[in-house]
>>> print(open('structure.cif').read())   # mmCIF, C-alpha atoms
data_work
#
loop_
_atom_site.label_atom_id
_atom_site.label_comp_id
_atom_site.auth_asym_id
_atom_site.auth_seq_id
_atom_site.Cartn_x
_atom_site.Cartn_y
_atom_site.Cartn_z
CA MET A 182 -161.29 -6.81 127.36
CA ARG A 183 -161.26 -3.05 127.52
CA ALA A 184 -158.12 -1.54 126.14
CA LEU A 185 -155.90 0.05 128.75
CA LYS A 186 -154.99 3.64 128.08
CA ALA A 187 -151.37 4.63 128.33
CA VAL A 188 -150.72 6.96 131.21
CA ASN A 189 -147.76 9.32 131.45
CA LEU A 190 -146.53 9.60 135.02
CA ARG A 191 -144.67 12.65 136.21
CA VAL A 192 -142.17 11.54 138.80
CA LYS A 193 -139.83 13.75 140.81
CA SER A 194 -136.39 13.06 139.37
CA GLY A 195 -134.83 12.39 142.76
CA VAL A 196 -137.02 9.32 143.33
CA THR A 197 -135.54 7.56 140.30
CA LYS A 198 -131.92 8.03 141.37
CA THR A 199 -129.81 4.91 141.52
CA PRO A 200 -128.79 4.17 145.12
CA PRO A 201 -125.10 4.60 145.95
CA LYS A 202 -122.99 1.46 145.76
CA ARG A 203 -122.19 1.65 149.45
CA ASP A 204 -125.10 0.88 151.79
CA TYR A 205 -124.80 3.93 154.03
CA THR A 206 -127.90 2.98 156.02
CA ALA A 207 -126.18 -0.25 157.05
CA VAL A 208 -122.95 1.62 157.82
CA LEU A 209 -124.74 3.95 160.24
CA ALA A 210 -126.58 1.03 161.86
CA GLU A 211 -123.29 -0.82 162.37
CA GLN A 212 -121.60 2.22 163.88
CA LEU A 213 -124.46 2.74 166.31
CA ALA A 214 -124.65 -0.94 167.26
CA LEU A 215 -120.97 -0.79 168.25
CA LEU A 216 -121.36 2.46 170.19
CA SER A 217 -120.80 2.01 173.92
CA PHE A 218 -120.62 4.18 177.00
CA ASP A 219 -116.95 3.28 177.41
CA ALA A 220 -116.19 4.98 174.10
CA LEU A 221 -117.55 8.30 175.40
CA ASP A 222 -114.98 10.68 176.86
CA VAL A 223 -115.39 13.12 179.74
CA ALA A 224 -116.61 15.93 177.48
CA ASP A 225 -119.14 13.63 175.83
CA ARG A 226 -120.57 12.51 179.16
CA ALA A 227 -120.75 16.06 180.49
CA GLN A 228 -122.63 17.17 177.38
CA ILE A 229 -125.13 14.31 177.66
CA LYS A 230 -125.87 15.31 181.26
CA ARG A 231 -126.34 18.92 180.14
CA LEU A 232 -128.78 17.83 177.45
CA ILE A 233 -130.74 15.68 179.90
CA LEU A 234 -130.93 18.52 182.43
CA ASP A 235 -132.20 20.94 179.79
CA HIS A 236 -134.73 18.39 178.58
CA VAL A 237 -136.11 17.62 182.03
CA GLY A 238 -136.53 21.31 182.86
CA VAL A 239 -138.36 22.06 179.62
CA CYS A 240 -140.45 18.91 179.91
CA LEU A 241 -141.61 19.59 183.46
CA ARG A 242 -142.73 23.10 182.51
CA GLY A 243 -144.30 21.91 179.28
CA ALA A 244 -146.20 19.19 181.11
CA GLU A 245 -148.54 21.84 182.55
CA LEU A 246 -149.54 23.35 179.21
CA PRO A 247 -153.01 22.66 177.74
CA TRP A 248 -151.95 20.25 174.99
CA SER A 249 -149.89 18.22 177.45
CA LEU A 250 -152.77 18.08 179.90
CA ALA A 251 -155.05 16.83 177.13
CA LEU A 252 -152.59 14.07 176.26
CA ARG A 253 -152.18 13.25 179.93
CA ASP A 254 -155.92 12.61 180.13
CA TRP A 255 -155.66 10.40 177.05
CA ALA A 256 -152.71 8.51 178.54
CA SER A 257 -154.67 7.76 181.71
CA SER A 258 -156.66 5.20 179.73
CA PHE A 259 -153.39 3.25 179.42
CA ALA A 260 -152.65 3.39 183.17
CA ALA A 261 -150.74 0.38 184.46
CA SER A 262 -149.93 -0.74 180.90
CA GLY A 263 -146.24 -0.39 181.70
CA GLU A 264 -143.61 1.12 183.99
CA SER A 265 -142.72 4.27 182.06
CA VAL A 266 -143.45 7.55 183.85
CA VAL A 267 -145.56 10.37 182.45
CA PHE A 268 -143.77 13.53 183.63
CA GLY A 269 -145.51 15.54 186.32
CA THR A 270 -147.74 12.65 187.38
CA ALA A 271 -147.71 9.33 189.19
CA LEU A 272 -149.04 7.74 186.00
CA ARG A 273 -147.10 4.80 184.58
CA THR A 274 -147.85 3.48 181.11
CA ALA A 275 -146.37 1.62 178.15
CA PRO A 276 -143.15 3.25 176.86
CA ASN A 277 -144.63 4.49 173.58
CA VAL A 278 -147.50 6.23 175.40
CA ALA A 279 -145.26 7.89 177.99
CA ALA A 280 -142.77 8.93 175.32
CA LEU A 281 -145.51 10.53 173.22
CA VAL A 282 -146.80 12.60 176.14
CA ASN A 283 -143.35 13.56 177.44
CA ALA A 284 -141.90 14.43 174.03
CA THR A 285 -144.93 16.61 173.35
CA ALA A 286 -144.37 18.39 176.66
CA ALA A 287 -140.71 18.97 175.82
CA HIS A 288 -141.34 20.12 172.25
CA GLY A 289 -144.50 22.08 172.98
CA MET A 290 -142.87 25.13 174.59
CA GLU A 291 -140.51 25.97 171.70
CA LEU A 292 -137.58 25.79 174.12
CA ASP A 293 -136.16 22.33 173.35
CA ASP A 294 -132.58 21.98 172.14
CA THR A 295 -131.72 22.39 168.47
CA HIS A 296 -129.39 20.49 166.14
CA ASP A 297 -128.62 23.32 163.77
CA SER A 298 -127.42 21.48 160.65
CA SER A 299 -130.43 19.14 160.65
CA VAL A 300 -132.76 21.97 161.76
CA SER A 301 -134.35 19.54 164.22
CA HIS A 302 -134.96 19.22 167.95
CA PRO A 303 -133.54 15.85 168.98
CA GLY A 304 -133.77 16.20 172.75
CA ALA A 305 -137.56 16.11 172.89
CA VAL A 306 -137.72 12.91 170.84
CA VAL A 307 -134.55 11.08 171.80
CA ILE A 308 -134.37 11.73 175.53
CA SER A 309 -138.09 11.08 176.01
CA THR A 310 -137.59 7.75 174.23
CA ALA A 311 -134.49 6.90 176.25
CA LEU A 312 -136.16 7.59 179.60
CA ALA A 313 -139.39 5.77 178.71
CA VAL A 314 -137.74 2.67 177.27
CA GLY A 315 -134.87 2.74 179.75
CA THR A 316 -137.29 2.76 182.68
CA ALA A 317 -139.27 -0.14 181.27
CA ARG A 318 -136.09 -2.15 180.63
CA ARG A 319 -134.45 -1.10 183.90
CA SER A 320 -131.46 0.06 181.90
CA SER A 321 -128.37 1.45 183.57
CA GLY A 322 -127.41 5.09 183.36
CA ALA A 323 -124.52 4.15 181.09
CA GLU A 324 -126.85 2.31 178.71
CA ILE A 325 -129.27 5.23 178.60
CA MET A 326 -126.49 7.72 177.88
CA ALA A 327 -125.12 5.61 175.01
CA ALA A 328 -128.63 5.25 173.60
CA ILE A 329 -129.13 9.02 173.72
CA VAL A 330 -125.94 9.51 171.73
CA ALA A 331 -127.20 7.01 169.14
CA GLY A 332 -130.44 8.95 168.76
CA TYR A 333 -128.69 12.29 168.32
CA GLU A 334 -126.27 10.73 165.83
CA THR A 335 -129.18 9.45 163.78
CA MET A 336 -131.27 12.62 163.71
CA GLY A 337 -128.24 14.79 162.98
CA ARG A 338 -126.74 12.62 160.27
CA VAL A 339 -130.00 11.73 158.59
CA GLY A 340 -131.03 15.40 158.57
CA ARG A 341 -127.81 16.48 156.88
CA ALA A 342 -127.91 13.57 154.43
CA VAL A 343 -131.47 14.32 153.33
CA GLY A 344 -130.94 18.09 153.30
CA ALA A 345 -133.05 19.55 156.09
CA ALA A 346 -133.09 23.14 154.84
CA GLU A 347 -134.45 22.04 151.47
CA ALA A 348 -136.97 19.74 153.15
CA ILE A 349 -138.35 22.71 155.09
CA GLU A 350 -138.69 24.74 151.90
CA TYR A 351 -140.78 21.93 150.45
CA GLY A 352 -143.02 21.93 153.51
CA TYR A 353 -141.66 19.16 155.74
CA HIS A 354 -140.95 19.71 159.43
CA PRO A 355 -137.55 18.15 160.27
CA THR A 356 -138.30 17.14 163.87
CA ALA A 357 -141.32 15.17 162.70
CA LEU A 358 -139.58 13.85 159.60
CA PHE A 359 -136.34 12.66 161.24
CA GLY A 360 -137.44 12.16 164.84
CA GLY A 361 -138.81 8.64 164.52
CA PHE A 362 -135.50 7.39 163.14
CA GLY A 363 -133.64 8.85 166.11
CA ALA A 364 -136.13 7.18 168.45
CA VAL A 365 -135.51 3.86 166.68
CA ALA A 366 -131.76 4.13 167.26
CA THR A 367 -132.26 4.98 170.93
CA ALA A 368 -134.88 2.33 171.63
CA GLY A 369 -133.01 -0.22 169.53
CA LYS A 370 -129.87 0.21 171.62
CA LEU A 371 -131.81 -0.20 174.84
CA ILE A 372 -133.68 -3.36 173.83
CA GLY A 373 -130.56 -4.93 172.35
CA LEU A 374 -131.16 -4.86 168.60
CA ASP A 375 -128.11 -5.57 166.48
CA ALA A 376 -127.20 -3.54 163.40
CA GLY A 377 -129.55 -5.55 161.20
CA GLY A 378 -132.39 -5.06 163.66
CA ILE A 379 -131.86 -1.30 163.82
CA ALA A 380 -131.78 -1.07 160.02
CA SER A 381 -134.95 -3.14 159.79
CA ALA A 382 -136.70 -0.90 162.33
CA TRP A 383 -135.65 2.14 160.30
CA GLY A 384 -137.28 0.44 157.32
CA LEU A 385 -140.51 0.12 159.28
CA MET A 386 -140.25 3.72 160.41
CA LEU A 387 -139.85 4.85 156.80
CA SER A 388 -143.51 4.07 156.15
CA MET A 389 -144.52 6.32 159.06
CA ALA A 390 -142.25 9.29 158.33
CA GLY A 391 -143.77 12.68 157.61
CA GLY A 392 -144.60 16.02 159.16
CA SER A 393 -146.19 18.94 157.33
CA MET A 394 -145.39 22.62 157.84
CA GLN A 395 -149.01 23.54 157.08
CA PHE A 396 -149.41 24.63 160.70
CA SER A 397 -147.19 27.63 159.89
CA GLU A 398 -149.78 28.81 157.35
CA ASP A 399 -152.74 28.65 159.71
CA PRO A 400 -153.61 31.91 161.54
CA LEU A 401 -154.66 29.79 164.51
CA GLY A 402 -151.37 27.93 164.44
CA THR A 403 -153.23 24.78 165.52
CA THR A 404 -151.89 22.37 168.11
CA VAL A 405 -150.48 19.69 165.84
CA LYS A 406 -146.93 21.07 165.79
CA ARG A 407 -146.76 20.50 169.55
CA LEU A 408 -147.16 16.78 168.84
CA HIS A 409 -144.43 16.46 166.24
CA GLY A 410 -141.84 15.41 168.81
CA GLY A 411 -144.31 13.01 170.39
CA TYR A 412 -145.18 11.39 167.09
CA GLY A 413 -141.51 10.62 166.47
CA ALA A 414 -140.94 9.08 169.90
CA HIS A 415 -144.14 7.04 169.78
CA ASN A 416 -143.69 5.75 166.23
CA GLY A 417 -140.00 5.04 166.66
CA ILE A 418 -140.69 2.86 169.70
CA LEU A 419 -143.43 1.01 167.81
CA ALA A 420 -141.12 0.37 164.85
CA THR A 421 -138.42 -0.92 167.19
CA ASP A 422 -140.80 -3.22 169.04
CA PHE A 423 -142.14 -4.60 165.76
CA ALA A 424 -138.62 -5.23 164.43
CA ALA A 425 -137.81 -7.11 167.64
CA LEU A 426 -140.82 -9.34 166.92
CA GLY A 427 -139.37 -10.23 163.53
CA ILE A 428 -141.61 -7.93 161.49
CA ALA A 429 -139.14 -6.85 158.85
CA GLY A 430 -138.69 -3.44 157.31
CA PRO A 431 -136.88 -2.86 154.02
CA SER A 432 -133.15 -2.29 153.91
CA ARG A 433 -131.62 1.04 152.87
CA ALA A 434 -134.31 3.16 154.53
CA PHE A 435 -132.20 6.29 154.04
CA ASP A 436 -130.29 5.78 150.79
CA GLY A 437 -132.46 3.40 148.79
CA ARG A 438 -134.21 4.30 145.54
CA TYR A 439 -137.39 4.99 147.51
CA GLY A 440 -135.66 5.76 150.78
CA LEU A 441 -135.98 8.90 152.88
CA GLY A 442 -133.31 10.84 151.00
CA ASN A 443 -134.84 10.41 147.57
CA LEU A 444 -138.42 10.82 148.76
CA PHE A 445 -137.95 13.96 150.85
CA GLY A 446 -134.60 15.40 149.76
CA GLN A 447 -133.63 17.34 146.67
CA ASN A 448 -129.88 16.70 146.56
CA PRO A 449 -129.20 14.10 149.25
CA ASP A 450 -125.62 13.57 150.41
CA PHE A 451 -125.57 10.03 151.75
CA GLU A 452 -121.93 10.17 152.82
CA GLN A 453 -123.16 12.28 155.75
CA LEU A 454 -124.64 9.11 157.24
CA ALA A 455 -121.22 7.61 157.98
CA ARG A 456 -119.17 9.00 160.85
CA SER A 457 -115.47 9.42 160.14
CA ASP A 458 -112.78 8.46 162.65
CA GLY A 459 -112.22 11.27 165.11
CA GLU A 460 -115.25 13.25 163.99
CA ALA A 461 -117.16 15.02 166.75
CA LEU A 462 -120.38 13.42 167.93
CA GLU A 463 -123.63 15.12 167.01
CA ILE A 464 -124.33 15.90 170.67
CA HIS A 465 -121.67 18.61 170.32
CA ARG A 466 -123.52 20.28 167.43
CA ILE A 467 -126.40 21.40 169.65
CA SER A 468 -127.55 24.89 170.57
CA MET A 469 -129.84 25.68 173.47
CA LYS A 470 -132.85 27.93 172.96
CA LEU A 471 -132.99 31.14 174.97
CA TYR A 472 -136.31 32.36 173.59
CA PRO A 473 -139.60 30.41 173.28
CA CYS A 474 -140.06 30.89 169.54
CA CYS A 475 -138.80 29.47 166.26
CA ARG A 476 -135.03 28.92 166.45
CA LEU A 477 -134.63 30.79 163.16
CA PHE A 478 -135.50 34.06 164.91
CA HIS A 479 -132.98 33.88 167.72
CA SER A 480 -130.05 35.58 166.00
CA THR A 481 -132.41 38.37 164.91
CA ILE A 482 -133.63 38.84 168.48
CA ASP A 483 -130.00 38.92 169.66
CA ALA A 484 -129.20 41.57 167.04
CA LEU A 485 -132.27 43.56 168.06
CA ARG A 486 -131.10 43.42 171.66
CA ASP A 487 -127.73 44.87 170.62
CA VAL A 488 -129.05 47.73 168.49
CA THR A 489 -131.68 48.74 171.07
CA ALA A 490 -129.32 48.65 174.07
CA ASP A 491 -130.96 45.64 175.63
CA PHE A 492 -134.44 46.68 174.49
CA THR A 493 -134.27 50.06 176.26
CA LEU A 494 -134.58 52.18 173.10
CA PRO A 495 -137.92 54.04 173.17
CA LEU A 496 -140.39 52.53 170.72
CA SER A 497 -141.15 56.00 169.39
CA GLU A 498 -137.65 56.10 167.90
CA ILE A 499 -138.15 52.93 165.82
CA ALA A 500 -139.67 53.56 162.39
CA HIS A 501 -139.23 50.08 160.93
CA ILE A 502 -137.11 46.95 161.29
CA ARG A 503 -135.31 45.49 158.29
CA VAL A 504 -134.30 41.84 158.60
CA GLY A 505 -132.10 39.80 156.28
CA GLY A 506 -132.30 36.03 156.23
CA PRO A 507 -133.32 32.93 154.32
CA ALA A 508 -136.30 33.04 151.99
CA LEU A 509 -138.40 30.80 154.22
CA MET A 510 -138.60 33.65 156.73
CA VAL A 511 -140.92 35.26 154.19
CA THR A 512 -142.71 32.14 152.99
CA GLN A 513 -143.35 30.52 156.39
CA HIS A 514 -142.91 33.09 159.16
CA MET A 515 -144.51 36.41 158.20
CA LEU A 516 -147.96 36.04 159.75
CA ARG A 517 -148.59 39.55 161.07
CA ARG A 518 -151.64 39.06 163.25
CA PRO A 519 -151.42 35.65 164.90
CA VAL A 520 -154.37 34.75 167.11
CA SER A 521 -152.86 31.81 169.00
CA VAL A 522 -149.69 31.15 170.97
CA MET A 523 -148.47 28.66 168.37
CA ALA A 524 -148.98 31.07 165.49
CA ALA A 525 -147.28 33.84 167.48
CA GLN A 526 -144.23 31.68 168.21
CA TYR A 527 -143.82 31.07 164.48
CA SER A 528 -144.37 34.70 163.47
CA LEU A 529 -141.23 36.78 162.97
CA PRO A 530 -143.04 40.16 163.13
CA PHE A 531 -144.83 39.20 166.33
CA SER A 532 -141.72 37.72 167.99
CA LEU A 533 -139.68 40.85 167.28
CA GLY A 534 -142.50 43.14 168.37
CA ALA A 535 -143.06 41.21 171.58
CA SER A 536 -139.33 41.31 172.30
CA LEU A 537 -139.33 45.09 171.96
CA VAL A 538 -142.40 45.63 174.11
CA HIS A 539 -142.03 42.92 176.74
CA GLY A 540 -138.50 41.56 176.42
CA PRO A 541 -137.75 38.18 174.78
CA SER A 542 -138.37 35.98 177.80
#
>>> encode(input="structure.cif", output="structure tokens")
Amino acid sequence: MRALKAVNLRVKSGVTKTPPKRDYTAVLAEQLALLSFDALDVADRAQIKRLILDHVGVCLRGAELPWSLALRDWASSFAASGESVVFGTALRTAPNVAALVNATAAHGMELDDTHDSSVSHPGAVVISTALAVGTARRSSGAEIMAAIVAGYETMGRVGRAVGAAEAIEYGYHPTALFGGFGAVATAGKLIGLDAGGIASAWGLMLSMAGGSMQFSEDPLGTTVKRLHGGYGAHNGILATDFAALGIAGPSRAFDGRYGLGNLFGQNPDFEQLARSDGEALEIHRISMKLYPCCRLFHSTIDALRDVTADFTLPLSEIAHIRVGGPALMVTQHMLRRPVSVMAAQYSLPFSLGASLVHGPS
């Protein structure tokens, strides 16, 4: 036999961390399984309706954009495969297909809602999943609203636990990375999975999780970022359906030795996965986008509005603009001559310049 050579493996230290004694993945699954519409107060219900209204408006507009039209053509090959509606059409398809198209439409305008502490856009993924699966299951409005809350809880808590800001710095896009897990929680509630089933579906979703920020480096921007919400909705529904069939995923998808936190996070805080008594729901940690560009730029555009008297200051009086902010503004958002809409929406210089010349809307 040939002698085997010893190989030294360099492993990121976080991957070798011992999991916490408490199974926080199971805790979150149990909390979501017990979540019901009756537990939601008046403010919770009003906020859910606000989120749905915002989502539907953005989705209907986004459904007419080129990438959505391309996916609509693709989805037509699945016509009559289910009862879920593709927005802006009479087309009905399987839930995962409709959710992919609709979530892409919602996420593809850069106007979908934002969960700030997880740096993600849950509405595009979660509400698209809820409407697609809820339609197919003929779920009640109360069931759909509870499922939406479960999805927002998951994306928000998982994002904080993993460390979304650090994940972005290492090149992962949070909506793509966390979205599928939110879709699992939403779809799992609607099809009746118990806590064990939801945790198993998260385990299946773990093998599909990803989402690169490479699009922010490309002068053309490329179209793939538009699909990041759609990928999450589609894959989350698949993982949920497979779990319902008895195809098992591993436990501790978030806090295991090779779980999401240790694979994609630098200093994960798994206690963030468990909701404390009386703690506000994640649906109340949402901000709405006013400008169709990266959410990171919005406070800068607001400040620019203030110092230019609502963009009325003559351009001839502006010599330069100095912006303070996180380092990733420089590393991921300083493309100065974008040649596509996507690249422009992720370019800080272009977004500020366009706001000065044309106004931010």
>>> atom_distance(input="structure.cif", atom1="CA of Pro276 (chain A)", atom2="CA of Val314 (chain A)")
5.5 Å
>>> resolve_selection(input="structure.cif", expression="the PyMOL selection byres ((chain A and resi 335) around 8)", output="mmCIF file with C-alpha atoms, in the coordinates of the input")
data_model
loop_
_atom_site.group_PDB
_atom_site.id
_atom_site.type_symbol
_atom_site.label_atom_id
_atom_site.label_comp_id
_atom_site.auth_asym_id
_atom_site.auth_seq_id
_atom_site.Cartn_x
_atom_site.Cartn_y
_atom_site.Cartn_z
ATOM 1 C CA LEU A 209 -124.740 3.950 160.240
ATOM 2 C CA ALA A 331 -127.200 7.010 169.140
ATOM 3 C CA GLY A 332 -130.440 8.950 168.760
ATOM 4 C CA TYR A 333 -128.690 12.290 168.320
ATOM 5 C CA GLU A 334 -126.270 10.730 165.830
ATOM 6 C CA MET A 336 -131.270 12.620 163.710
ATOM 7 C CA GLY A 337 -128.240 14.790 162.980
ATOM 8 C CA ARG A 338 -126.740 12.620 160.270
ATOM 9 C CA VAL A 339 -130.000 11.730 158.590
ATOM 10 C CA PHE A 362 -135.500 7.390 163.140
ATOM 11 C CA GLY A 363 -133.640 8.850 166.110
ATOM 12 C CA ALA A 366 -131.760 4.130 167.260
ATOM 13 C CA LEU A 454 -124.640 9.110 157.240
#
>>> atom_distance(input="structure.cif", atom1="CA of Ser309 (chain A)", atom2="CA of Leu358 (chain A)")
16.7 Å
>>> closest_residue(input="structure.cif", among="A:Ser468, A:Ser480, A:Thr295, A:Asn283", to="Trp248 (chain A)", atoms="only C-alpha atoms")
A:Asn283
>>> closest_residue(input="structure.cif", among="A:Pro201, A:Gly340, A:Pro519, A:Pro303", to="Gly402 (chain A)", atoms="all atoms listed in the file")
A:Pro519
>>> atom_distance(input="structure.cif", atom1="CA of Tyr205 (chain A)", atom2="CA of Ser432 (chain A)")
10.4 Å
>>> residues_around(input="structure.cif", residues="His296 (chain A)", least_positions_apart="2", cutoff="8 Å", atoms="all atoms listed in the file", output="list in words")
Asp294, Ser298, Ser299, Val300, Ser301, His302, Pro303, Gly337, Glu463, Arg466, Ile467 and Ser468 of chain A
>>> resolve_selection(input="structure.cif", expression="the PyMOL selection byres ((chain A and resi 423) around 12)", output="list in words")
Val365, Ala368, Gly369, Ile372, Leu374, Gly378, Ile379, Ser381, Ala382, Trp383, Gly384, Leu385, Met386, Asn416, Gly417, Ile418, Leu419, Ala420, Thr421, Asp422, Ala424, Ala425, Leu426, Gly427, Ile428, Ala429 and Gly430 of chain A
>>> residues_around(input="structure.cif", residues="Leu312 (chain A)", least_positions_apart="3", cutoff="9 Å", atoms="all atoms listed in the file", output="VMD selection string")
chain A and resid 265 to 266 276 280 307 to 309 315 to 317 325
>>> residues_around(input="structure.cif", residues="region 489-502 of chain A", least_positions_apart="6", cutoff="10 Å", atoms="all atoms listed in the file", output="PyMOL selection string")
chain A and resi 482-483+530+533-534+536-541
>>> write_last_selection(input="structure.cif", atoms="C-alpha atoms", output="compact mmCIF listing (two decimals), in the coordinates of the input")
# COMPACT_ATOMS: atom_id res chain seq x y z
CA ILE A 482 -133.63 38.84 168.48
CA ASP A 483 -130.00 38.92 169.66
CA PRO A 530 -143.04 40.16 163.13
CA LEU A 533 -139.68 40.85 167.28
CA GLY A 534 -142.50 43.14 168.37
CA SER A 536 -139.33 41.31 172.30
CA LEU A 537 -139.33 45.09 171.96
CA VAL A 538 -142.40 45.63 174.11
CA HIS A 539 -142.03 42.92 176.74
CA GLY A 540 -138.50 41.56 176.42
CA PRO A 541 -137.75 38.18 174.78
>>> residues_near_point(input="structure.cif", point="(-127.5, -3.6, 166.1)", cutoff="8 Å", atoms="only C-alpha atoms", output="MDAnalysis selection string")
chainID A and resid 210:211 213:215 369:370 373:380
>>> residues_around(input="structure.cif", residues="Leu281 (chain A)", least_positions_apart="2", cutoff="8 Å", atoms="all atoms listed in the file", output="list in words")
Asn277, Val278, Ala279, Asn283, Ala284, Thr285, Ser309, Leu408, Gly410, Gly411, Tyr412, Gly413, Ala414 and His415 of chain A
>>> resolve_selection(input="structure.cif", expression="the PyMOL selection byres ((chain A and resi 228) around 12)", output="CSV table (one decimal) with C-alpha atoms, in the coordinates of the input")
chain,number,residue,atom,x,y,z
A,221,LEU,CA,-117.6,8.3,175.4
A,222,ASP,CA,-115.0,10.7,176.9
A,223,VAL,CA,-115.4,13.1,179.7
A,224,ALA,CA,-116.6,15.9,177.5
A,225,ASP,CA,-119.1,13.6,175.8
A,226,ARG,CA,-120.6,12.5,179.2
A,227,ALA,CA,-120.8,16.1,180.5
A,229,ILE,CA,-125.1,14.3,177.7
A,230,LYS,CA,-125.9,15.3,181.3
A,231,ARG,CA,-126.3,18.9,180.1
A,232,LEU,CA,-128.8,17.8,177.4
A,233,ILE,CA,-130.7,15.7,179.9
A,234,LEU,CA,-130.9,18.5,182.4
A,235,ASP,CA,-132.2,20.9,179.8
A,326,MET,CA,-126.5,7.7,177.9
A,329,ILE,CA,-129.1,9.0,173.7
A,330,VAL,CA,-125.9,9.5,171.7
A,333,TYR,CA,-128.7,12.3,168.3
A,462,LEU,CA,-120.4,13.4,167.9
A,463,GLU,CA,-123.6,15.1,167.0
A,464,ILE,CA,-124.3,15.9,170.7
A,465,HIS,CA,-121.7,18.6,170.3
A,466,ARG,CA,-123.5,20.3,167.4
A,467,ILE,CA,-126.4,21.4,169.6
A,468,SER,CA,-127.6,24.9,170.6
A,469,MET,CA,-129.8,25.7,173.5
>>> closest_residue(input="structure.cif", among="A:Arg517, A:Gln453, A:Ala313, A:Asp293", to="Arg476 (chain A)", atoms="all atoms listed in the file")
A:Asp293
>>> closest_residue(input="structure.cif", among="A:Ala346, A:Leu516, A:Cys474, A:Val488", to="Glu398 (chain A)", atoms="all atoms listed in the file")
A:Leu516
